[in-house]
>>> print(open('input.txt').read())   # compact mmCIF, C-alpha atoms
# COMPACT_ATOMS: atom_id res chain seq x y z
CA MET F 1 0.00 0.00 0.00
CA PHE F 2 1.16 3.53 -0.61
CA ASN F 3 -0.05 7.10 -0.66
CA PHE F 4 1.25 10.16 -2.49
CA ASP F 5 -0.03 13.15 -0.55
CA TRP F 6 0.96 16.69 0.36
CA GLN F 7 4.20 15.74 2.12
CA PHE F 8 5.71 14.39 -1.11
CA PRO F 9 7.50 16.62 -3.64
CA MET F 10 5.30 17.93 -6.42
CA ARG F 11 7.29 16.11 -9.09
CA ILE F 12 6.75 12.39 -8.52
CA ASN F 13 9.47 9.90 -9.38
CA PRO F 14 8.14 6.61 -8.00
CA PRO F 15 10.91 4.25 -6.86
CA GLY F 16 11.49 0.97 -8.60
CA PHE F 17 9.68 -1.14 -6.01
CA ILE F 18 6.51 0.91 -6.55
CA ARG F 19 6.73 0.30 -10.29
CA ARG F 20 7.16 -3.42 -9.65
CA LEU F 21 4.22 -3.56 -7.24
CA TYR F 22 2.00 -1.55 -9.57
CA PRO F 23 3.21 -2.31 -13.11
CA ASP F 24 -0.02 -1.15 -14.73
CA MET F 25 0.19 2.41 -13.41
CA ILE F 26 1.03 5.12 -15.94
CA TRP F 27 3.08 8.02 -14.56
CA ARG F 28 4.16 9.73 -17.80
CA ILE F 29 3.26 9.52 -21.47
CA ASP F 30 5.80 9.13 -24.25
CA ASP F 31 5.01 12.33 -26.13
CA PRO F 32 7.75 15.00 -26.05
CA GLU F 33 5.47 17.55 -27.72
CA ALA F 34 2.56 17.45 -25.27
CA VAL F 35 1.58 17.95 -21.64
CA PHE F 36 -1.45 16.19 -20.17
CA LEU F 37 -3.56 18.26 -17.78
CA THR F 38 -5.90 16.28 -15.53
CA PHE F 39 -8.62 17.35 -13.09
CA ASP F 40 -9.93 15.08 -10.31
CA ASP F 41 -13.15 15.03 -8.26
CA GLY F 42 -15.62 16.96 -10.45
CA PRO F 43 -17.77 18.02 -11.99
CA THR F 44 -18.35 20.86 -9.53
CA PRO F 45 -20.75 23.74 -10.30
CA GLY F 46 -18.93 27.04 -10.66
CA VAL F 47 -15.51 25.40 -10.74
CA THR F 48 -15.92 23.17 -13.78
CA GLU F 49 -17.36 25.97 -15.90
CA TRP F 50 -14.39 28.17 -14.99
CA ILE F 51 -11.94 25.42 -15.94
CA LEU F 52 -13.66 24.79 -19.27
CA SER F 53 -13.64 28.50 -20.10
CA THR F 54 -9.97 28.85 -19.19
CA LEU F 55 -8.96 25.81 -21.24
CA GLU F 56 -10.87 27.14 -24.23
CA LYS F 57 -8.94 30.43 -24.12
CA TYR F 58 -5.72 28.51 -24.63
CA ASP F 59 -7.09 25.93 -27.07
CA ALA F 60 -6.13 23.30 -24.48
CA LYS F 61 -7.63 19.86 -23.96
CA ALA F 62 -7.64 17.97 -20.67
CA THR F 63 -8.74 14.75 -19.01
CA PHE F 64 -11.26 14.90 -16.16
CA PHE F 65 -11.23 12.04 -13.66
CA VAL F 66 -14.87 12.24 -12.66
CA LEU F 67 -16.66 11.03 -9.56
CA GLY F 68 -19.69 8.99 -10.55
CA LYS F 69 -21.88 10.62 -7.90
CA ASN F 70 -21.04 14.11 -9.21
CA ALA F 71 -21.66 13.15 -12.83
CA GLU F 72 -24.99 11.71 -11.72
CA MET F 73 -25.86 14.85 -9.75
CA TYR F 74 -24.79 17.29 -12.48
CA PRO F 75 -25.39 15.51 -15.79
CA ASP F 76 -25.52 18.71 -17.85
CA LEU F 77 -22.16 19.84 -16.50
CA TYR F 78 -20.70 16.40 -17.15
CA GLN F 79 -21.97 16.59 -20.72
CA ARG F 80 -20.38 20.00 -21.18
CA ILE F 81 -16.98 18.43 -20.50
CA LEU F 82 -17.56 15.91 -23.28
CA ASP F 83 -19.08 18.44 -25.67
CA ALA F 84 -15.97 20.61 -25.33
CA GLY F 85 -13.83 17.74 -26.62
CA HIS F 86 -12.23 16.75 -23.35
CA LYS F 87 -11.71 13.22 -22.04
CA VAL F 88 -13.22 11.68 -18.93
CA GLY F 89 -11.93 8.96 -16.65
CA ASN F 90 -13.34 6.93 -13.76
CA HIS F 91 -12.43 8.19 -10.27
CA THR F 92 -14.78 5.81 -8.42
CA TYR F 93 -18.38 6.64 -7.59
CA SER F 94 -17.91 8.04 -4.09
CA HIS F 95 -14.18 8.91 -3.81
CA GLN F 96 -13.28 5.69 -2.07
CA LYS F 97 -9.94 4.98 -0.43
CA GLY F 98 -8.83 1.46 -1.18
CA TRP F 99 -6.95 1.06 2.10
CA GLY F 100 -8.89 -1.07 4.55
CA MET F 101 -11.67 -1.64 2.06
CA PRO F 102 -12.58 -5.15 0.87
CA LEU F 103 -11.68 -5.78 -2.75
CA GLU F 104 -15.28 -6.58 -3.68
CA ARG F 105 -16.61 -3.31 -2.28
CA TYR F 106 -13.91 -1.26 -3.97
CA ILE F 107 -14.60 -2.84 -7.36
CA GLU F 108 -18.34 -2.46 -6.83
CA ASP F 109 -17.91 1.29 -6.31
CA ILE F 110 -15.83 1.54 -9.49
CA ASP F 111 -18.43 -0.47 -11.41
CA PHE F 112 -21.18 1.83 -10.18
CA ALA F 113 -19.23 4.79 -11.54
CA SER F 114 -18.69 2.95 -14.83
CA SER F 115 -22.44 2.83 -15.39
CA ILE F 116 -22.31 6.65 -15.59
CA VAL F 117 -18.77 7.50 -16.68
CA ARG F 118 -17.89 5.58 -19.83
CA SER F 119 -14.13 5.41 -20.01
CA GLU F 120 -11.19 3.02 -20.20
CA LEU F 121 -9.17 5.29 -17.86
CA PHE F 122 -9.07 5.08 -14.07
CA ARG F 123 -7.35 7.05 -11.31
CA PRO F 124 -7.54 5.88 -7.67
CA PRO F 125 -8.57 8.59 -5.16
CA TYR F 126 -5.70 9.58 -2.87
CA ALA F 127 -3.61 6.85 -4.57
CA ARG F 128 -4.57 4.79 -1.51
CA VAL F 129 -4.83 1.36 -3.05
CA THR F 130 -3.51 -2.14 -2.50
CA PRO F 131 -1.67 -4.27 -5.06
CA SER F 132 -4.58 -6.72 -5.22
CA GLN F 133 -7.04 -3.92 -5.96
CA MET F 134 -4.85 -2.55 -8.73
CA ARG F 135 -4.30 -5.97 -10.26
CA VAL F 136 -8.05 -6.40 -10.68
CA VAL F 137 -8.62 -2.81 -11.84
CA GLY F 138 -5.71 -3.07 -14.27
CA GLN F 139 -7.42 -5.93 -16.10
CA ARG F 140 -10.16 -3.55 -17.19
CA PHE F 141 -8.72 -0.03 -17.08
CA LYS F 142 -5.63 1.96 -17.94
CA ILE F 143 -4.54 3.28 -14.51
CA VAL F 144 -3.34 6.86 -14.90
CA MET F 145 -1.31 8.50 -12.14
CA TRP F 146 0.76 11.68 -12.56
CA SER F 147 4.30 13.00 -12.81
CA VAL F 148 3.39 16.39 -11.28
CA LEU F 149 1.05 16.72 -8.30
CA SER F 150 -0.17 20.31 -7.92
CA ARG F 151 -1.23 19.98 -4.25
CA ASP F 152 -3.90 22.57 -5.05
CA TYR F 153 -6.17 20.93 -2.45
CA ASN F 154 -3.77 21.68 0.42
CA ARG F 155 -4.54 24.91 2.30
CA ALA F 156 -1.01 24.89 3.72
CA VAL F 157 0.25 25.43 0.15
CA SER F 158 -0.08 29.01 -1.07
CA PRO F 159 -1.29 29.80 -4.60
CA ARG F 160 2.20 31.01 -5.55
CA LYS F 161 3.86 27.87 -4.19
CA CYS F 162 1.32 25.72 -6.00
CA LEU F 163 2.17 27.42 -9.28
CA ARG F 164 5.93 27.22 -8.75
CA GLY F 165 5.73 23.52 -8.03
CA VAL F 166 3.71 22.82 -11.16
CA ILE F 167 5.74 24.78 -13.70
CA LYS F 168 9.22 23.97 -12.33
CA ASP F 169 11.02 21.71 -14.81
CA ILE F 170 7.82 21.08 -16.77
CA ARG F 171 8.49 19.00 -19.88
CA GLY F 172 6.81 17.02 -22.62
CA GLY F 173 5.13 13.84 -21.45
CA ASP F 174 4.21 15.21 -18.02
CA ILE F 175 0.84 14.32 -16.53
CA ILE F 176 -0.22 17.18 -14.23
CA ALA F 177 -2.83 16.56 -11.53
CA PHE F 178 -5.14 19.44 -10.59
CA HIS F 179 -8.49 19.13 -8.78
CA ASP F 180 -11.91 20.17 -9.99
CA SER F 181 -13.34 21.04 -6.56
CA ALA F 182 -14.34 24.00 -4.42
CA LYS F 183 -11.61 23.13 -1.90
CA SER F 184 -8.91 23.41 -4.57
CA PHE F 185 -10.24 26.45 -6.40
CA ARG F 186 -8.11 29.06 -4.60
CA ASN F 187 -4.84 27.45 -5.66
CA MET F 188 -5.97 25.89 -8.92
CA SER F 189 -7.52 29.12 -10.26
CA HIS F 190 -4.21 30.91 -9.66
CA ALA F 191 -2.00 28.17 -11.07
CA LEU F 192 -3.92 26.99 -14.14
CA PRO F 193 -3.78 30.13 -16.35
CA ALA F 194 -0.07 30.64 -15.65
CA THR F 195 0.59 26.94 -16.27
CA LEU F 196 -1.15 27.17 -19.63
CA LYS F 197 0.95 30.21 -20.54
CA LYS F 198 4.13 28.36 -19.55
CA ILE F 199 3.18 25.31 -21.59
CA SER F 200 2.50 27.50 -24.61
CA SER F 201 5.81 29.36 -24.20
CA LEU F 202 7.63 26.01 -24.32
CA GLY F 203 5.96 25.18 -27.63
CA LEU F 204 4.00 22.29 -26.10
CA LYS F 205 0.37 21.31 -26.60
CA CYS F 206 -2.19 20.24 -24.01
CA LYS F 207 -3.78 16.97 -25.14
CA ILE F 208 -6.28 14.48 -23.80
CA ILE F 209 -4.96 11.14 -22.60
CA GLU F 210 -5.42 8.44 -25.22
CA LEU F 211 -3.78 5.09 -24.46
>>> encode(input="input.txt", output="structure tokens")
Amino acid sequence: MFNFDWQFPMRINPPGFIRRLYPDMIWRIDDPEAVFLTFDDGPTPGVTEWILSTLEKYDAKATFFVLGKNAEMYPDLYQRILDAGHKVGNHTYSHQKGWGMPLERYIEDIDFASSIVRSELFRPPYARVTPSQMRVVGQRFKIVMWSVLSRDYNRAVSPRKCLRGVIKDIRGGDIIAFHDSAKSFRNMSHALPATLKKISSLGLKCKIIEL
């Protein structure tokens, strides 16, 4: 079991034993000309619309790892993500932590989300999962992690520090994890426009994740 949370550096370089335990996890994408923005936990009224508008200004595409319960609660907002040409991924139905949770219940929650969020991509909430859970999930999904964790959800991280951590050493192939939630909006709304400007200045594109 492992957990990548606020105490870890923003750029994630998982050690070899993590890669061996979780061989199906994708941390970067082999595309030197693109960066892959991702947003977890939405859709969230007010926040998702702002993200979509900001991405449109920069002709940027992103991948939204959606909670099934939020997509069910806000179907029009969920549809707006798709209509704008973005990608969606499964983030469980109810933001479940795998730790301490029976395998059957964890998979059941993912399956419930799958009835709403049609995608071959999956990201585990909190990255709190067991090897057995990921082995089962990996038989049906591409498990997408990240190479850059924004920590936008952490109130101990200032908006400026959030931005610096995201854009430092940014390069093609990076998967950047932001959050599509009210809790994260203070930091994310400061960091996202500047991140998009930085990506553009490097001559990189923002693409959806297609594996």
>>> closest_residue(input="input.txt", among="F:Ala156, F:Ala71, F:Val137, F:Met188", to="Met25 in chain F", atoms="all atoms listed in the file")
F:Val137
>>> residues_around(input="input.txt", residues="Met134 in chain F", least_positions_apart="4", cutoff="12 Å", atoms="only C-alpha atoms", output="PyMOL selection string")
chain F and resi 1-2+21-25+98-99+103+106-107+110+122-124+127-130+138-144
>>> residues_near_point(input="input.txt", point="(-15.0, 7.9, -4.2)", cutoff="9 Å", atoms="all atoms listed in the file", output="ChimeraX atom specification")
/F:41,67-69,91-97,109-110,124-125
>>> atom_distance(input="input.txt", atom1="CA of Arg171 in chain F", atom2="CA of His86 in chain F")
21.1 Å
>>> closest_residue(input="input.txt", among="F:Asn154, F:Thr44, F:Thr195, F:Ser147", to="Arg28 in chain F", atoms="only C-alpha atoms")
F:Ser147
>>> residues_around(input="input.txt", residues="Ser200 in chain F", least_positions_apart="5", cutoff="12 Å", atoms="all atoms listed in the file", output="list of chain:residue names")
F:Glu33, F:Ala34, F:Val35, F:Lys57, F:Tyr58, F:Asp59, F:Ala60, F:Ile167, F:Ile170, F:Arg171, F:Gly172, F:Pro193, F:Ala194, F:Thr195, F:Lys205, F:Cys206
>>> closest_residue(input="input.txt", among="F:Glu56, F:Ala177, F:Thr48, F:Leu37", to="Arg80 in chain F", atoms="all atoms listed in the file")
F:Thr48
>>> atom_distance(input="input.txt", atom1="CA of Val117 in chain F", atom2="CA of Trp27 in chain F")
22.0 Å
>>> closest_residue(input="input.txt", among="F:Ile175, F:Ile116, F:Leu149, F:Leu204", to="Asn70 in chain F", atoms="only C-alpha atoms")
F:Ile116
>>> atom_distance(input="input.txt", atom1="CA of Ile176 in chain F", atom2="CA of Ala84 in chain F")
19.6 Å
>>> closest_residue(input="input.txt", among="F:Ile29, F:Ile208, F:Leu77, F:Ile199", to="Gly46 in chain F", atoms="all atoms listed in the file")
F:Leu77
>>> residues_around(input="input.txt", residues="Ser181 in chain F", least_positions_apart="6", cutoff="9 Å", atoms="only C-alpha atoms", output="CSV table (one decimal) with C-alpha atoms, in the frame of the given file")
chain,number,residue,atom,x,y,z
F,39,PHE,CA,-8.6,17.4,-13.1
F,40,ASP,CA,-9.9,15.1,-10.3
F,41,ASP,CA,-13.2,15.0,-8.3
F,42,GLY,CA,-15.6,17.0,-10.4
F,43,PRO,CA,-17.8,18.0,-12.0
F,44,THR,CA,-18.4,20.9,-9.5
F,45,PRO,CA,-20.8,23.7,-10.3
F,47,VAL,CA,-15.5,25.4,-10.7
F,48,THR,CA,-15.9,23.2,-13.8
F,153,TYR,CA,-6.2,20.9,-2.4
>>> closest_residue(input="input.txt", among="F:Ser119, F:Leu192, F:Ala182, F:Ile209", to="Ile51 in chain F", atoms="all atoms listed in the file")
F:Leu192
>>> residues_near_point(input="input.txt", point="(4.7, 24.3, -8.8)", cutoff="10 Å", atoms="all atoms listed in the file", output="ChimeraX atom specification")
/F:9-11,148-152,159-170,191,195
>>> decode(input="input.txt", residues="range 52-125 of chain F", atoms="C-alpha atoms", output="PDB file, in the first residue's frame")
ATOM      1  CA  LEU F  52     -13.662  24.790 -19.267  1.00  0.00           C
ATOM      2  CA  SER F  53     -13.644  28.502 -20.101  1.00  0.00           C
ATOM      3  CA  THR F  54      -9.966  28.846 -19.193  1.00  0.00           C
ATOM      4  CA  LEU F  55      -8.955  25.805 -21.238  1.00  0.00           C
ATOM      5  CA  GLU F  56     -10.870  27.142 -24.231  1.00  0.00           C
ATOM      6  CA  LYS F  57      -8.944  30.430 -24.118  1.00  0.00           C
ATOM      7  CA  TYR F  58      -5.716  28.515 -24.634  1.00  0.00           C
ATOM      8  CA  ASP F  59      -7.087  25.931 -27.067  1.00  0.00           C
ATOM      9  CA  ALA F  60      -6.130  23.303 -24.484  1.00  0.00           C
ATOM     10  CA  LYS F  61      -7.633  19.859 -23.959  1.00  0.00           C
ATOM     11  CA  ALA F  62      -7.641  17.966 -20.672  1.00  0.00           C
ATOM     12  CA  THR F  63      -8.737  14.748 -19.014  1.00  0.00           C
ATOM     13  CA  PHE F  64     -11.259  14.901 -16.158  1.00  0.00           C
ATOM     14  CA  PHE F  65     -11.233  12.036 -13.659  1.00  0.00           C
ATOM     15  CA  VAL F  66     -14.869  12.243 -12.660  1.00  0.00           C
ATOM     16  CA  LEU F  67     -16.662  11.028  -9.556  1.00  0.00           C
ATOM     17  CA  GLY F  68     -19.691   8.989 -10.552  1.00  0.00           C
ATOM     18  CA  LYS F  69     -21.877  10.620  -7.899  1.00  0.00           C
ATOM     19  CA  ASN F  70     -21.036  14.109  -9.208  1.00  0.00           C
ATOM     20  CA  ALA F  71     -21.662  13.154 -12.829  1.00  0.00           C
ATOM     21  CA  GLU F  72     -24.995  11.712 -11.718  1.00  0.00           C
ATOM     22  CA  MET F  73     -25.864  14.850  -9.752  1.00  0.00           C
ATOM     23  CA  TYR F  74     -24.789  17.295 -12.480  1.00  0.00           C
ATOM     24  CA  PRO F  75     -25.388  15.512 -15.794  1.00  0.00           C
ATOM     25  CA  ASP F  76     -25.519  18.715 -17.850  1.00  0.00           C
ATOM     26  CA  LEU F  77     -22.163  19.841 -16.505  1.00  0.00           C
ATOM     27  CA  TYR F  78     -20.696  16.401 -17.150  1.00  0.00           C
ATOM     28  CA  GLN F  79     -21.972  16.590 -20.724  1.00  0.00           C
ATOM     29  CA  ARG F  80     -20.377  20.001 -21.176  1.00  0.00           C
ATOM     30  CA  ILE F  81     -16.975  18.426 -20.504  1.00  0.00           C
ATOM     31  CA  LEU F  82     -17.558  15.913 -23.280  1.00  0.00           C
ATOM     32  CA  ASP F  83     -19.084  18.440 -25.675  1.00  0.00           C
ATOM     33  CA  ALA F  84     -15.974  20.611 -25.332  1.00  0.00           C
ATOM     34  CA  GLY F  85     -13.829  17.745 -26.621  1.00  0.00           C
ATOM     35  CA  HIS F  86     -12.227  16.755 -23.351  1.00  0.00           C
ATOM     36  CA  LYS F  87     -11.713  13.217 -22.044  1.00  0.00           C
ATOM     37  CA  VAL F  88     -13.223  11.678 -18.932  1.00  0.00           C
ATOM     38  CA  GLY F  89     -11.928   8.956 -16.646  1.00  0.00           C
ATOM     39  CA  ASN F  90     -13.341   6.928 -13.760  1.00  0.00           C
ATOM     40  CA  HIS F  91     -12.430   8.189 -10.267  1.00  0.00           C
ATOM     41  CA  THR F  92     -14.784   5.809  -8.416  1.00  0.00           C
ATOM     42  CA  TYR F  93     -18.380   6.643  -7.594  1.00  0.00           C
ATOM     43  CA  SER F  94     -17.906   8.043  -4.089  1.00  0.00           C
ATOM     44  CA  HIS F  95     -14.179   8.907  -3.807  1.00  0.00           C
ATOM     45  CA  GLN F  96     -13.283   5.691  -2.067  1.00  0.00           C
ATOM     46  CA  LYS F  97      -9.937   4.979  -0.427  1.00  0.00           C
ATOM     47  CA  GLY F  98      -8.832   1.462  -1.182  1.00  0.00           C
ATOM     48  CA  TRP F  99      -6.948   1.062   2.095  1.00  0.00           C
ATOM     49  CA  GLY F 100      -8.887  -1.067   4.554  1.00  0.00           C
ATOM     50  CA  MET F 101     -11.674  -1.636   2.060  1.00  0.00           C
ATOM     51  CA  PRO F 102     -12.577  -5.152   0.868  1.00  0.00           C
ATOM     52  CA  LEU F 103     -11.682  -5.775  -2.746  1.00  0.00           C
ATOM     53  CA  GLU F 104     -15.279  -6.582  -3.678  1.00  0.00           C
ATOM     54  CA  ARG F 105     -16.613  -3.311  -2.277  1.00  0.00           C
ATOM     55  CA  TYR F 106     -13.907  -1.262  -3.974  1.00  0.00           C
ATOM     56  CA  ILE F 107     -14.599  -2.837  -7.360  1.00  0.00           C
ATOM     57  CA  GLU F 108     -18.341  -2.460  -6.825  1.00  0.00           C
ATOM     58  CA  ASP F 109     -17.907   1.289  -6.314  1.00  0.00           C
ATOM     59  CA  ILE F 110     -15.830   1.544  -9.495  1.00  0.00           C
ATOM     60  CA  ASP F 111     -18.427  -0.465 -11.414  1.00  0.00           C
ATOM     61  CA  PHE F 112     -21.181   1.832 -10.183  1.00  0.00           C
ATOM     62  CA  ALA F 113     -19.227   4.793 -11.536  1.00  0.00           C
ATOM     63  CA  SER F 114     -18.689   2.953 -14.831  1.00  0.00           C
ATOM     64  CA  SER F 115     -22.439   2.830 -15.388  1.00  0.00           C
ATOM     65  CA  ILE F 116     -22.314   6.648 -15.585  1.00  0.00           C
ATOM     66  CA  VAL F 117     -18.767   7.497 -16.677  1.00  0.00           C
ATOM     67  CA  ARG F 118     -17.894   5.582 -19.830  1.00  0.00           C
ATOM     68  CA  SER F 119     -14.125   5.405 -20.014  1.00  0.00           C
ATOM     69  CA  GLU F 120     -11.189   3.017 -20.197  1.00  0.00           C
ATOM     70  CA  LEU F 121      -9.169   5.285 -17.861  1.00  0.00           C
ATOM     71  CA  PHE F 122      -9.069   5.076 -14.065  1.00  0.00           C
ATOM     72  CA  ARG F 123      -7.349   7.048 -11.314  1.00  0.00           C
ATOM     73  CA  PRO F 124      -7.542   5.880  -7.673  1.00  0.00           C
ATOM     74  CA  PRO F 125      -8.575   8.590  -5.163  1.00  0.00           C
TER      75      PRO F 125
END
